[in-house]
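Next comes model-v9.txt, a file with compact mmCIF, C-alpha atoms and all ligand atoms.
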# COMPACT_ATOMS: atom_id res chain seq x y z
CA MET A 1 33.80 37.05 -30.98
CA LEU A 2 34.09 37.34 -34.72
CA VAL A 3 31.30 35.75 -36.57
CA HIS A 4 31.45 35.43 -40.29
CA GLY A 5 28.49 37.08 -42.05
CA ASN A 6 26.96 33.95 -43.48
CA LYS A 7 27.41 31.98 -40.36
CA LYS A 8 25.73 34.68 -38.33
CA LYS A 9 22.77 34.59 -40.63
CA LYS A 10 22.52 30.87 -40.20
CA LEU A 11 22.69 31.22 -36.43
CA GLU A 12 19.83 33.67 -36.51
CA THR A 13 17.70 31.36 -38.56
CA GLU A 14 18.44 28.54 -36.17
CA THR A 15 17.40 30.73 -33.27
CA GLN A 16 14.21 31.68 -35.00
CA LYS A 17 13.49 28.09 -35.66
CA LEU A 18 14.13 27.23 -32.06
CA ASN A 19 11.87 29.99 -30.77
CA TRP A 20 9.15 28.86 -33.02
CA THR A 21 9.44 25.31 -31.75
CA LYS A 22 9.44 26.52 -28.17
CA ASN A 23 6.29 28.50 -28.65
CA LYS A 24 4.67 25.58 -30.28
CA LYS A 25 5.61 23.37 -27.36
CA ALA A 26 4.29 25.83 -24.88
CA LEU A 27 0.96 25.91 -26.63
CA GLU A 28 0.81 22.16 -26.80
CA HIS A 29 0.82 22.08 -23.04
CA ARG A 30 -2.40 24.04 -22.89
CA PRO A 31 -5.85 22.88 -23.86
CA LYS A 32 -7.38 24.28 -27.00
CA PRO A 33 -10.57 26.22 -26.39
CA HIS A 34 -12.56 23.67 -28.32
CA SER A 35 -11.85 20.02 -28.59
CA ILE A 36 -13.87 17.93 -30.93
CA GLU A 37 -16.44 15.70 -29.38
CA ALA A 38 -15.95 12.68 -31.49
CA GLN A 39 -17.77 10.37 -33.49
CA ASN A 40 -15.81 8.89 -30.64
CA ILE A 41 -13.27 6.14 -30.39
CA PRO A 42 -14.59 2.69 -31.40
CA LEU A 43 -17.07 1.09 -29.05
CA ILE A 44 -16.60 -2.67 -28.92
CA ASP A 45 -19.08 -5.18 -27.55
CA LEU A 46 -17.25 -8.00 -25.78
CA SER A 47 -20.29 -10.24 -25.38
CA PRO A 48 -19.04 -12.75 -28.01
CA LEU A 49 -16.43 -13.74 -25.40
CA LEU A 50 -19.21 -15.11 -23.24
CA LYS A 51 -21.72 -16.14 -25.87
CA HIS A 52 -19.57 -17.46 -28.70
CA PRO A 53 -16.10 -18.17 -27.35
CA ASP A 54 -15.42 -20.43 -30.33
CA SER A 55 -16.05 -17.87 -33.03
CA LEU A 56 -14.25 -14.72 -32.08
CA SER A 57 -12.90 -13.77 -35.48
CA GLY A 58 -15.24 -10.78 -35.92
CA LEU A 59 -14.33 -9.40 -32.52
CA VAL A 60 -10.64 -9.96 -33.15
CA VAL A 61 -10.80 -7.98 -36.39
CA GLU A 62 -12.67 -5.16 -34.65
CA ILE A 63 -10.06 -4.99 -31.91
CA GLY A 64 -7.17 -5.14 -34.35
CA ASP A 65 -8.64 -2.28 -36.38
CA ALA A 66 -9.20 -0.19 -33.26
CA CYS A 67 -5.62 -0.76 -32.09
CA GLN A 68 -4.23 0.14 -35.46
CA ASN A 69 -6.42 3.13 -36.30
CA TRP A 70 -6.92 4.70 -32.89
CA GLY A 71 -4.80 2.98 -30.27
CA PHE A 72 -7.91 3.51 -28.10
CA PHE A 73 -11.35 1.92 -27.80
CA GLN A 74 -14.16 1.45 -25.29
CA VAL A 75 -15.59 -1.90 -24.29
CA ILE A 76 -19.08 -2.83 -23.10
CA ASN A 77 -20.44 -6.20 -21.95
CA HIS A 78 -16.99 -6.79 -20.49
CA GLY A 79 -18.18 -8.94 -17.60
CA VAL A 80 -17.11 -6.59 -14.78
CA PRO A 81 -20.07 -6.31 -12.36
CA SER A 82 -21.26 -2.71 -12.14
CA LYS A 83 -21.62 -3.09 -8.38
CA CYS A 84 -17.91 -3.68 -8.10
CA ARG A 85 -17.20 -0.58 -10.14
CA GLN A 86 -19.60 1.57 -8.12
CA LYS A 87 -18.01 0.39 -4.91
CA VAL A 88 -14.50 1.39 -5.94
CA GLU A 89 -15.68 4.75 -7.30
CA SER A 90 -17.48 5.52 -4.09
CA ALA A 91 -14.46 4.52 -1.98
CA ALA A 92 -12.21 6.72 -4.15
CA ARG A 93 -14.54 9.68 -3.60
CA LYS A 94 -14.43 9.12 0.13
CA PHE A 95 -10.66 8.89 0.13
CA PHE A 96 -10.04 12.14 -1.75
CA ALA A 97 -12.62 13.89 0.43
CA LEU A 98 -10.52 13.11 3.53
CA PRO A 99 -8.58 16.00 5.08
CA LYS A 100 -5.12 16.56 3.56
CA GLU A 101 -3.41 15.47 6.81
CA GLU A 102 -5.23 12.17 6.64
CA LYS A 103 -4.30 11.61 2.99
CA ARG A 104 -0.72 12.58 3.65
CA LYS A 105 -0.40 9.76 6.16
CA VAL A 106 -0.18 7.46 3.14
CA SER A 107 1.98 9.75 0.97
CA ARG A 108 4.36 8.48 -1.63
CA ASP A 109 7.97 8.88 -0.45
CA GLU A 110 11.52 8.76 -1.80
CA GLY A 111 11.84 4.99 -1.62
CA ASN A 112 8.27 3.99 -2.40
CA PRO A 113 6.24 5.41 -5.27
CA PHE A 114 2.94 3.99 -3.97
CA GLY A 115 0.35 5.90 -1.98
CA TYR A 116 -1.03 9.42 -2.16
CA TYR A 117 0.52 12.23 -4.17
CA ASP A 118 -0.72 15.69 -5.04
CA SER A 119 2.02 17.32 -7.05
CA GLU A 120 2.68 15.16 -10.04
CA HIS A 121 4.26 16.64 -13.14
CA THR A 122 3.81 15.42 -16.69
CA LYS A 123 6.74 16.55 -18.85
CA ASN A 124 7.68 18.78 -15.95
CA VAL A 125 4.46 20.71 -15.95
CA ARG A 126 2.32 20.28 -12.92
CA ASP A 127 -0.91 18.32 -13.32
CA TRP A 128 -4.20 19.53 -11.86
CA LYS A 129 -4.92 16.38 -9.90
CA GLU A 130 -4.38 14.23 -6.86
CA VAL A 131 -3.57 10.53 -7.16
CA PHE A 132 -3.42 7.36 -5.11
CA ASP A 133 -1.31 4.51 -6.50
CA PHE A 134 -0.95 0.87 -5.59
CA ALA A 135 0.68 -2.20 -7.06
CA VAL A 136 -1.37 -5.19 -8.13
CA GLN A 137 1.10 -7.63 -6.53
CA ASN A 138 1.84 -6.85 -2.91
CA PRO A 139 4.69 -6.75 -2.19
CA ILE A 140 6.12 -6.00 -5.57
CA ILE A 141 9.74 -6.81 -6.45
CA ILE A 142 11.67 -4.39 -8.63
CA PRO A 143 15.31 -3.41 -9.24
CA ALA A 144 16.77 -1.39 -6.37
CA SER A 145 18.45 1.08 -8.72
CA HIS A 146 18.57 2.22 -12.29
CA GLU A 147 22.25 1.23 -12.64
CA PRO A 148 22.40 -1.50 -15.30
CA ALA A 149 25.00 -3.52 -13.43
CA ASP A 150 23.27 -3.35 -10.06
CA MET A 151 21.42 -6.65 -9.63
CA GLU A 152 19.98 -5.80 -6.23
CA MET A 153 16.22 -6.00 -5.88
CA LYS A 154 13.87 -4.25 -3.50
CA GLU A 155 10.46 -5.10 -2.14
CA LEU A 156 7.76 -2.45 -2.05
CA PHE A 157 4.53 -2.55 -0.10
CA ASN A 158 1.27 -0.76 -0.77
CA LYS A 159 0.07 1.85 1.67
CA TRP A 160 -3.59 1.92 2.70
CA PRO A 161 -5.38 4.51 4.80
CA GLU A 162 -6.29 3.05 8.18
CA SER A 163 -9.25 5.35 8.53
CA LEU A 164 -10.89 4.02 5.37
CA PRO A 165 -10.63 0.21 5.32
CA GLU A 166 -13.24 -0.04 2.59
CA LEU A 167 -10.81 1.54 0.13
CA ARG A 168 -8.52 -1.44 0.21
CA GLU A 169 -11.35 -3.90 0.02
CA ALA A 170 -13.03 -2.16 -2.91
CA CYS A 171 -9.72 -1.74 -4.75
CA ASP A 172 -8.80 -5.40 -4.27
CA GLU A 173 -12.12 -6.57 -5.69
CA HIS A 174 -12.08 -4.20 -8.62
CA THR A 175 -8.44 -4.95 -9.42
CA ALA A 176 -9.18 -8.68 -9.59
CA GLU A 177 -11.84 -7.90 -12.20
CA MET A 178 -9.46 -5.62 -14.09
CA GLU A 179 -6.91 -8.39 -14.20
CA LYS A 180 -9.37 -10.84 -15.72
CA LEU A 181 -10.40 -8.28 -18.32
CA ALA A 182 -6.77 -7.36 -19.05
CA PHE A 183 -5.88 -10.95 -19.88
CA LYS A 184 -8.94 -11.40 -22.08
CA LEU A 185 -7.92 -8.31 -24.01
CA LEU A 186 -4.31 -9.40 -24.15
CA GLU A 187 -5.41 -12.64 -25.79
CA LEU A 188 -7.69 -10.90 -28.26
CA ILE A 189 -4.94 -8.47 -29.22
CA ALA A 190 -2.45 -11.33 -29.60
CA LEU A 191 -4.91 -13.06 -31.96
CA SER A 192 -5.35 -9.83 -33.90
CA LEU A 193 -1.60 -9.80 -34.54
CA GLY A 194 -1.84 -13.34 -35.92
CA LEU A 195 -0.23 -14.85 -32.82
CA PRO A 196 -1.41 -17.76 -30.64
CA LYS A 197 -3.78 -16.35 -28.05
CA ASP A 198 -1.50 -17.16 -25.11
CA ARG A 199 1.65 -15.90 -26.83
CA LEU A 200 2.06 -12.93 -24.46
CA ASN A 201 0.90 -14.45 -21.18
CA GLY A 202 4.39 -15.58 -20.18
CA PHE A 203 5.54 -11.99 -19.71
CA PHE A 204 3.35 -11.54 -16.65
CA LYS A 205 4.49 -14.23 -14.23
CA ASP A 206 5.70 -11.56 -11.82
CA GLN A 207 3.73 -8.69 -13.27
CA THR A 208 4.48 -5.18 -12.04
CA SER A 209 1.03 -3.86 -12.96
CA ARG A 210 -0.37 -0.95 -10.98
CA VAL A 211 -3.57 0.92 -10.41
CA ARG A 212 -4.11 4.63 -9.92
CA LEU A 213 -7.03 6.51 -8.49
CA ASN A 214 -7.19 9.95 -10.11
CA TYR A 215 -9.03 12.89 -8.66
CA TYR A 216 -9.33 16.05 -10.76
CA PRO A 217 -10.74 18.89 -8.64
CA PRO A 218 -12.69 21.69 -10.31
CA CYS A 219 -10.29 24.32 -11.58
CA PRO A 220 -10.89 28.08 -11.54
CA ALA A 221 -8.90 28.55 -14.73
CA PRO A 222 -9.44 25.41 -16.81
CA HIS A 223 -8.29 27.07 -20.03
CA LEU A 224 -4.80 27.43 -18.59
CA THR A 225 -4.13 23.99 -17.32
CA LEU A 226 -4.55 20.25 -17.82
CA GLY A 227 -5.48 17.45 -15.43
CA VAL A 228 -2.76 15.38 -17.04
CA GLY A 229 -0.50 16.79 -19.70
CA ARG A 230 -0.21 14.95 -22.99
CA HIS A 231 1.60 11.66 -22.61
CA LYS A 232 1.67 8.05 -23.72
CA ASP A 233 1.31 5.16 -21.32
CA THR A 234 4.51 3.18 -20.99
CA GLY A 235 3.02 -0.23 -20.26
CA VAL A 236 1.34 -2.99 -22.26
CA LEU A 237 -2.22 -1.76 -22.06
CA THR A 238 -4.36 0.47 -19.87
CA ILE A 239 -7.95 -0.12 -18.79
CA LEU A 240 -9.60 3.06 -17.61
CA ALA A 241 -12.82 3.58 -15.69
CA GLN A 242 -13.93 7.18 -16.02
CA ASP A 243 -16.96 8.64 -14.24
CA ASN A 244 -19.66 10.54 -16.11
CA VAL A 245 -17.67 13.79 -16.37
CA ALA A 246 -15.82 14.02 -19.66
CA GLY A 247 -12.16 15.05 -19.63
CA LEU A 248 -10.02 12.48 -21.42
CA GLU A 249 -8.85 13.56 -24.86
CA VAL A 250 -7.17 11.29 -27.38
CA LYS A 251 -4.95 12.47 -30.21
CA ARG A 252 -6.60 11.26 -33.38
CA LYS A 253 -4.07 9.50 -35.58
CA THR A 254 -5.49 10.70 -38.87
CA ASP A 255 -5.12 14.43 -38.23
CA GLY A 256 -3.63 15.01 -34.78
CA GLN A 257 -6.84 16.55 -33.40
CA TRP A 258 -7.64 16.12 -29.72
CA ILE A 259 -10.84 14.11 -29.44
CA LEU A 260 -12.88 14.20 -26.25
CA VAL A 261 -13.93 10.71 -25.17
CA LYS A 262 -17.57 10.95 -24.23
CA PRO A 263 -18.32 8.85 -21.18
CA THR A 264 -20.36 5.73 -21.91
CA PRO A 265 -22.02 4.43 -18.74
CA ASP A 266 -20.33 1.29 -17.43
CA ALA A 267 -17.84 1.10 -20.30
CA TYR A 268 -14.07 0.81 -19.88
CA ILE A 269 -11.62 2.66 -22.08
CA ILE A 270 -8.71 0.61 -23.37
CA ASN A 271 -5.47 1.87 -24.89
CA VAL A 272 -2.33 0.15 -26.02
CA GLY A 273 0.88 1.39 -24.40
CA ASP A 274 4.49 1.73 -25.53
CA ILE A 275 5.24 -1.96 -24.94
CA PHE A 276 2.60 -3.02 -27.46
CA GLN A 277 4.06 -0.56 -29.90
CA VAL A 278 7.46 -2.22 -29.53
CA TRP A 279 6.10 -5.79 -29.52
CA SER A 280 4.09 -5.10 -32.66
CA ASN A 281 7.02 -3.25 -34.25
CA ASP A 282 4.95 -0.08 -34.72
CA LYS A 283 1.79 -1.75 -36.00
CA TYR A 284 -0.12 -0.74 -32.86
CA GLU A 285 1.16 2.67 -31.89
CA SER A 286 0.86 3.99 -28.36
CA VAL A 287 -1.23 7.12 -28.75
CA GLU A 288 -0.95 10.41 -26.90
CA HIS A 289 -3.75 11.46 -24.60
CA ARG A 290 -4.37 14.07 -21.92
CA VAL A 291 -7.05 15.22 -19.51
CA VAL A 292 -8.80 18.60 -19.56
CA VAL A 293 -10.43 19.93 -16.42
CA ASN A 294 -13.45 22.16 -15.90
CA SER A 295 -14.49 24.83 -13.46
CA GLU A 296 -17.64 23.18 -12.12
CA LYS A 297 -17.26 19.49 -11.71
CA GLU A 298 -14.75 17.28 -10.06
CA ARG A 299 -13.83 14.18 -12.00
CA PHE A 300 -12.62 10.72 -10.96
CA SER A 301 -10.94 8.05 -13.01
CA ILE A 302 -9.26 4.73 -12.31
CA PRO A 303 -6.64 3.43 -14.73
CA TYR A 304 -5.27 -0.10 -14.43
CA PHE A 305 -1.84 -0.28 -16.07
CA LEU A 306 -0.87 -3.76 -17.24
CA TYR A 307 2.92 -4.10 -16.83
CA PRO A 308 5.10 -7.20 -17.39
CA SER A 309 7.60 -8.80 -14.98
CA HIS A 310 10.49 -6.52 -14.15
CA TYR A 311 13.03 -8.83 -15.84
CA THR A 312 11.22 -8.65 -19.19
CA TRP A 313 13.30 -7.54 -22.16
CA VAL A 314 10.95 -5.54 -24.31
CA GLU A 315 11.60 -5.98 -28.03
CA PRO A 316 9.69 -6.55 -31.26
CA LEU A 317 8.22 -10.07 -31.29
CA GLU A 318 10.29 -12.26 -33.57
CA GLU A 319 7.21 -13.59 -35.39
CA LEU A 320 6.40 -10.05 -36.46
CA ILE A 321 9.73 -9.04 -37.95
CA ASN A 322 11.49 -10.18 -41.09
CA GLU A 323 13.79 -8.80 -43.76
CA GLN A 324 11.11 -6.52 -45.21
CA ASN A 325 10.01 -5.40 -41.78
CA PRO A 326 13.14 -5.30 -39.62
CA ALA A 327 13.02 -4.49 -35.91
CA ARG A 328 12.50 -0.78 -35.34
CA PHE A 329 13.33 -0.81 -31.65
CA LYS A 330 16.30 -1.74 -29.56
CA ARG A 331 15.42 -4.00 -26.71
CA TYR A 332 15.22 -2.56 -23.21
CA ASN A 333 14.80 -4.00 -19.78
CA TRP A 334 11.41 -3.13 -18.31
CA GLY A 335 12.48 -3.01 -14.63
CA LYS A 336 15.54 -0.90 -15.39
CA PHE A 337 13.54 1.37 -17.63
CA ARG A 338 11.07 2.07 -14.83
CA ALA A 339 13.84 2.55 -12.29
CA THR A 340 15.67 4.98 -14.58
CA ARG A 341 12.52 6.92 -15.10
CA ASN A 342 11.85 7.21 -11.37
CA TYR A 343 15.45 8.19 -10.76
CA GLU A 344 15.42 10.92 -13.36
CA LEU A 345 12.08 12.23 -12.21
CA ARG A 346 13.51 12.51 -8.74
CA GLY A 347 16.53 14.29 -10.10
CA SER A 348 14.47 16.75 -12.01
CA THR A 349 12.62 17.91 -8.95
CA LEU A 350 15.93 19.22 -7.68
CA LEU A 351 15.85 21.67 -10.52
CA LYS A 352 12.70 23.23 -9.28
CA LEU A 353 14.77 25.78 -7.52
CA GLU A 354 12.11 27.96 -6.04
CA TRP A 355 8.50 28.74 -6.48
CA ILE A 356 7.43 31.79 -8.33
CA ILE A 357 3.93 32.89 -7.74
CA LEU A 358 2.57 34.45 -10.80
CA LEU A 359 -0.74 33.67 -12.30
CA GLU A 360 -3.01 34.97 -14.88
CA LEU A 361 -6.42 34.13 -13.57
CA GLY A 362 -9.34 33.96 -15.89
CA GLY A 363 -7.96 36.38 -18.45
CA ASN A 364 -6.98 39.86 -17.42
CA THR A 365 -5.99 39.85 -13.83
CA LEU A 366 -2.32 39.41 -13.44
CA LEU A 367 -1.63 38.30 -9.95
CA GLU A 368 1.93 38.83 -9.14
CA LEU A 369 2.92 38.01 -5.63
CA GLY A 370 6.38 38.72 -4.39
CA GLY A 371 6.92 40.45 -7.69
CA SER A 372 9.68 42.88 -6.87
CA THR A 373 12.03 40.11 -5.92
CA LEU A 374 11.24 38.20 -9.06
CA LEU A 375 13.83 39.73 -11.30
CA GLU A 376 16.47 39.46 -8.65
CA GLN A 377 15.65 35.82 -8.11
CA GLY A 378 15.73 35.17 -11.79
CA ARG A 379 19.21 36.57 -11.97
CA ARG A 380 20.36 34.46 -9.06
CA TRP A 381 18.94 31.29 -10.51
CA ARG A 382 20.66 31.89 -13.75
CA GLU A 383 23.94 32.27 -11.97
CA ALA A 384 23.34 29.24 -9.82
CA THR A 385 22.59 26.83 -12.60
CA SER A 386 23.60 26.30 -16.14
CA LEU A 387 19.97 25.83 -16.98
CA TRP A 388 17.80 28.86 -17.30
CA ALA A 389 15.47 29.44 -14.47
CA THR A 390 12.45 27.78 -14.44
CA PHE A 391 9.67 26.45 -12.32
CA VAL A 392 6.34 27.80 -11.47
CA ALA A 393 3.89 26.47 -9.01
CA LEU A 394 1.34 27.92 -6.75
CA ASP A 395 1.53 25.83 -3.64
CA SER A 396 1.41 28.78 -1.38
CA LEU A 397 -1.84 30.04 -2.76
CA SER A 398 -4.04 28.01 -0.54
CA TYR A 399 -7.06 28.15 -2.79
CA LEU A 400 -5.00 26.93 -5.69
CA THR A 401 -3.11 24.13 -4.07
CA MET A 402 -2.84 22.29 -7.34
CA GLY A 403 -0.74 24.92 -9.00
CA ASN A 404 -0.96 26.17 -12.50
CA PRO A 405 2.28 26.47 -14.25
CA ARG A 406 1.31 26.96 -17.84
CA GLU A 407 0.44 30.52 -18.63
CA PRO A 408 3.17 32.03 -16.45
CA TRP A 409 5.85 30.69 -18.74
CA ILE A 410 4.93 33.33 -21.17
CA ALA A 411 4.71 36.08 -18.59
CA LEU A 412 8.08 34.99 -17.32
CA SER A 413 9.81 35.21 -20.60
CA TYR A 414 8.88 38.88 -20.71
CA LEU A 415 10.44 39.37 -17.33
CA THR A 416 13.94 38.90 -18.66
CA MET A 417 14.11 35.51 -17.08
CA GLY A 418 15.53 34.50 -20.36
CA ASN A 419 13.65 31.70 -21.87
CA PRO A 420 12.09 29.46 -19.33
CA ARG A 421 11.00 26.89 -21.83
CA GLU A 422 14.43 25.65 -22.57
CA PRO A 423 15.03 23.61 -19.42
CA TRP A 424 11.59 22.25 -19.69
CA ILE A 425 12.28 20.84 -23.12
CA THR A 426 15.60 19.45 -21.98
CA LEU A 427 14.01 17.91 -18.95
CA SER A 428 11.10 16.45 -20.74
CA TYR A 429 13.59 14.71 -22.96
CA LEU A 430 15.48 13.40 -19.95
CA THR A 431 12.43 12.22 -18.14
CA MET A 432 9.30 11.52 -20.03
CA GLY A 433 10.70 11.81 -23.50
CA TYR A 434 11.48 8.15 -23.86
CA ASN A 435 9.24 7.79 -26.83
CA GLU A 436 11.68 9.79 -28.87
CA GLY A 437 14.47 8.55 -26.70
CA PRO A 438 17.50 6.37 -26.62
CA TRP A 439 16.00 3.01 -27.35
CA ILE A 440 14.79 3.71 -30.84
CA ALA A 441 17.06 1.98 -33.30
C1 LIG B 1 -3.31 8.33 -16.94
C2 LIG B 1 -4.40 8.86 -17.81
C3 LIG B 1 -6.70 9.50 -18.05
C4 LIG B 1 -7.87 9.90 -17.24
O1 LIG B 1 -3.50 8.37 -15.70
O2 LIG B 1 -2.28 7.87 -17.50
O3 LIG B 1 -4.17 8.99 -18.98
O4 LIG B 1 -8.94 10.06 -17.81
N1 LIG B 1 -5.58 9.14 -17.25
O5 LIG B 1 -7.74 10.05 -16.03
NI NI B 2 -2.41 7.84 -19.55

I need this file expressed as structure tokens, please.
Amino acid sequence: MLVHGNKKKKLETETQKLNWTKNKKALEHRPKPHSIEAQNIPLIDLSPLLKHPDSLSGLVVEIGDACQNWGFFQVINHGVPSKCRQKVESAARKFFALPKEEKRKVSRDEGNPFGYYDSEHTKNVRDWKEVFDFAVQNPIIIPASHEPADMEMKELFNKWPESLPELREACDEHTAEMEKLAFKLLELIALSLGLPKDRLNGFFKDQTSRVRLNYYPPCPAPHLTLGVGRHKDTGVLTILAQDNVAGLEVKRKTDGQWILVKPTPDAYIINVGDIFQVWSNDKYESVEHRVVVNSEKERFSIPYFLYPSHYTWVEPLEELINEQNPARFKRYNWGKFRATRNYELRGSTLLKLEWIILLELGGNTLLELGGSTLLEQGRRWREATSLWATFVALDSLSYLTMGNPREPWIALSYLTMGNPREPWITLSYLTMGYNEGPWIA
């Protein structure tokens, strides 16, 4: 191929640029050695709701400022009995302590995303965690497929472990409290946007909200992995109960630093999700967050994700847009958005062609298992797919059942696998990359 001198130069610069971006991405998927323990996200006292329900203006301003400046805040005096919280935390501990076979009896499957799951990926990098998910409404009704023209609906049921009946009971009680708190917050946030307090309530007639129990086991190489990779929550708002082990980090809006959220006993952490960002036409941005793990302590957390009815069209609220501030988002259908996301996530797992076992543990030891076949496999993968080969997990190392895919990317790129970050970037765009994705006007 004949390439004109100038053009070639340009191509090289583009490649350099691309490599630089790739490296940057790769680093972003790893924790920094030190995160800043903040001056913390705002701590808001909700007691005026009980004591002075007629004069909430101070509280409303506080919440509005927190949503705008941080996208995150903690609440105390929220009215959720601490007994109820302790009960659900203790049941979650018991559940994750069950033998794997027992937990797998309630595994998530192809048709139903609820139940137990231990190999979740965020932006196609495996998270160091196990989860248990359930829907707030049971059964829940959602679109059967992601196809826009397909009007068929399906019903999904929660799965509960028979051997631990208290899990269901504790979750039901705690979820009812979360729901009450979610609607109080929804009203306060509506007021903070200058809207009538019940302006948003109509979106939740058939809410698709869900709850997750997260379990982050101790990790032998915490500097190489994350409990949850950086992400934004897609829903309206999230209420998170974290135990007393720190781990959640929030990306500070002012300077992009990761700020560790110090646990406050009995508090809940609130963040606005993508839907609030769209509704508020960017006034309240959905902020990135992630979870770091540590080598000593396990950590538990329980997020409640407030989601609207599946038939909701998500778009900037008409009261909040005008000629000076036109809509910045195209509308999208919530149920179809979720279905598309699940569909693409399923698709992407097909691209995890084989497992490579390659891990840098704690610094110097390079553990390379099945190494001699690695190059050969790499070659075969490249021939078999138009995407460059790719995925790393450590399932077969029994002591590392959670897998650690981060550091090996770099090792792999030295092993003439080409550049393994490319498919990852492509895939993250296809799957989780909706924030930069197709619905932005
Ligand atoms: C999540 C999440 C944070 C945590 O599950 O979306 O951000 O502390 N969890 O577990
Ligand atoms: Ni989250």

Using only C-alpha atoms and all ligand atoms, find each protein or nucleic acid residue lying at most 10 Å from ligand NI 2 (chain B); present the set as a compact mmCIF listing (two decimals) with C-alpha atoms, in the frame of the given file.
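The resulting part_35.txt:
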# COMPACT_ATOMS: atom_id res chain seq x y z
CA VAL A 228 -2.76 15.38 -17.04
CA GLY A 229 -0.50 16.79 -19.70
CA ARG A 230 -0.21 14.95 -22.99
CA HIS A 231 1.60 11.66 -22.61
CA LYS A 232 1.67 8.05 -23.72
CA ASP A 233 1.31 5.16 -21.32
CA THR A 234 4.51 3.18 -20.99
CA GLY A 235 3.02 -0.23 -20.26
CA LEU A 237 -2.22 -1.76 -22.06
CA THR A 238 -4.36 0.47 -19.87
CA ILE A 239 -7.95 -0.12 -18.79
CA LEU A 240 -9.60 3.06 -17.61
CA LEU A 248 -10.02 12.48 -21.42
CA VAL A 250 -7.17 11.29 -27.38
CA ASN A 271 -5.47 1.87 -24.89
CA GLY A 273 0.88 1.39 -24.40
CA VAL A 287 -1.23 7.12 -28.75
CA GLU A 288 -0.95 10.41 -26.90
CA HIS A 289 -3.75 11.46 -24.60
CA ARG A 290 -4.37 14.07 -21.92
CA VAL A 291 -7.05 15.22 -19.51
CA PRO A 303 -6.64 3.43 -14.73
CA TYR A 304 -5.27 -0.10 -14.43
CA PHE A 305 -1.84 -0.28 -16.07

Minimum-distance residue to Leu213 of chain A, chosen among A:Ser163, A:Ser309, A:Ser301, A:Thr175 (using all atoms listed in the file):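 Using all atoms listed in the file, Leu213 of chain A sits closest to A:Ser301.
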
Residues within 10 Å of (17.1, -3.4, -5.9), counting all atoms listed in the file, listed as a list of chain:residue names: A:Ile141, A:Ile142, A:Pro143, A:Ala144, A:Ser145, A:His146, A:Glu147, A:Asp150, A:Met151, A:Glu152, A:Met153, A:Lys154, A:Glu155, A:Gly335, A:Lys336, A:Ala339

Length of the atom CA of Glu162 of chain A to atom CA of Lys103 of chain A vector [Å]: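 Separation between atom CA of Glu162 of chain A and atom CA of Lys103 of chain A: 10.2 Å.
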
Adding 3 Å on each side of the box along x, y and z that holds all listed atoms of segment 253-256 of chain A, could you give its centre and edge lengths in Å to one decimal, as lines of an AutoDock Vina configuration file?
center_x = -4.6
center_y = 12.3
center_z = -36.8
size_x = 7.9
size_y = 11.5
size_z = 10.1
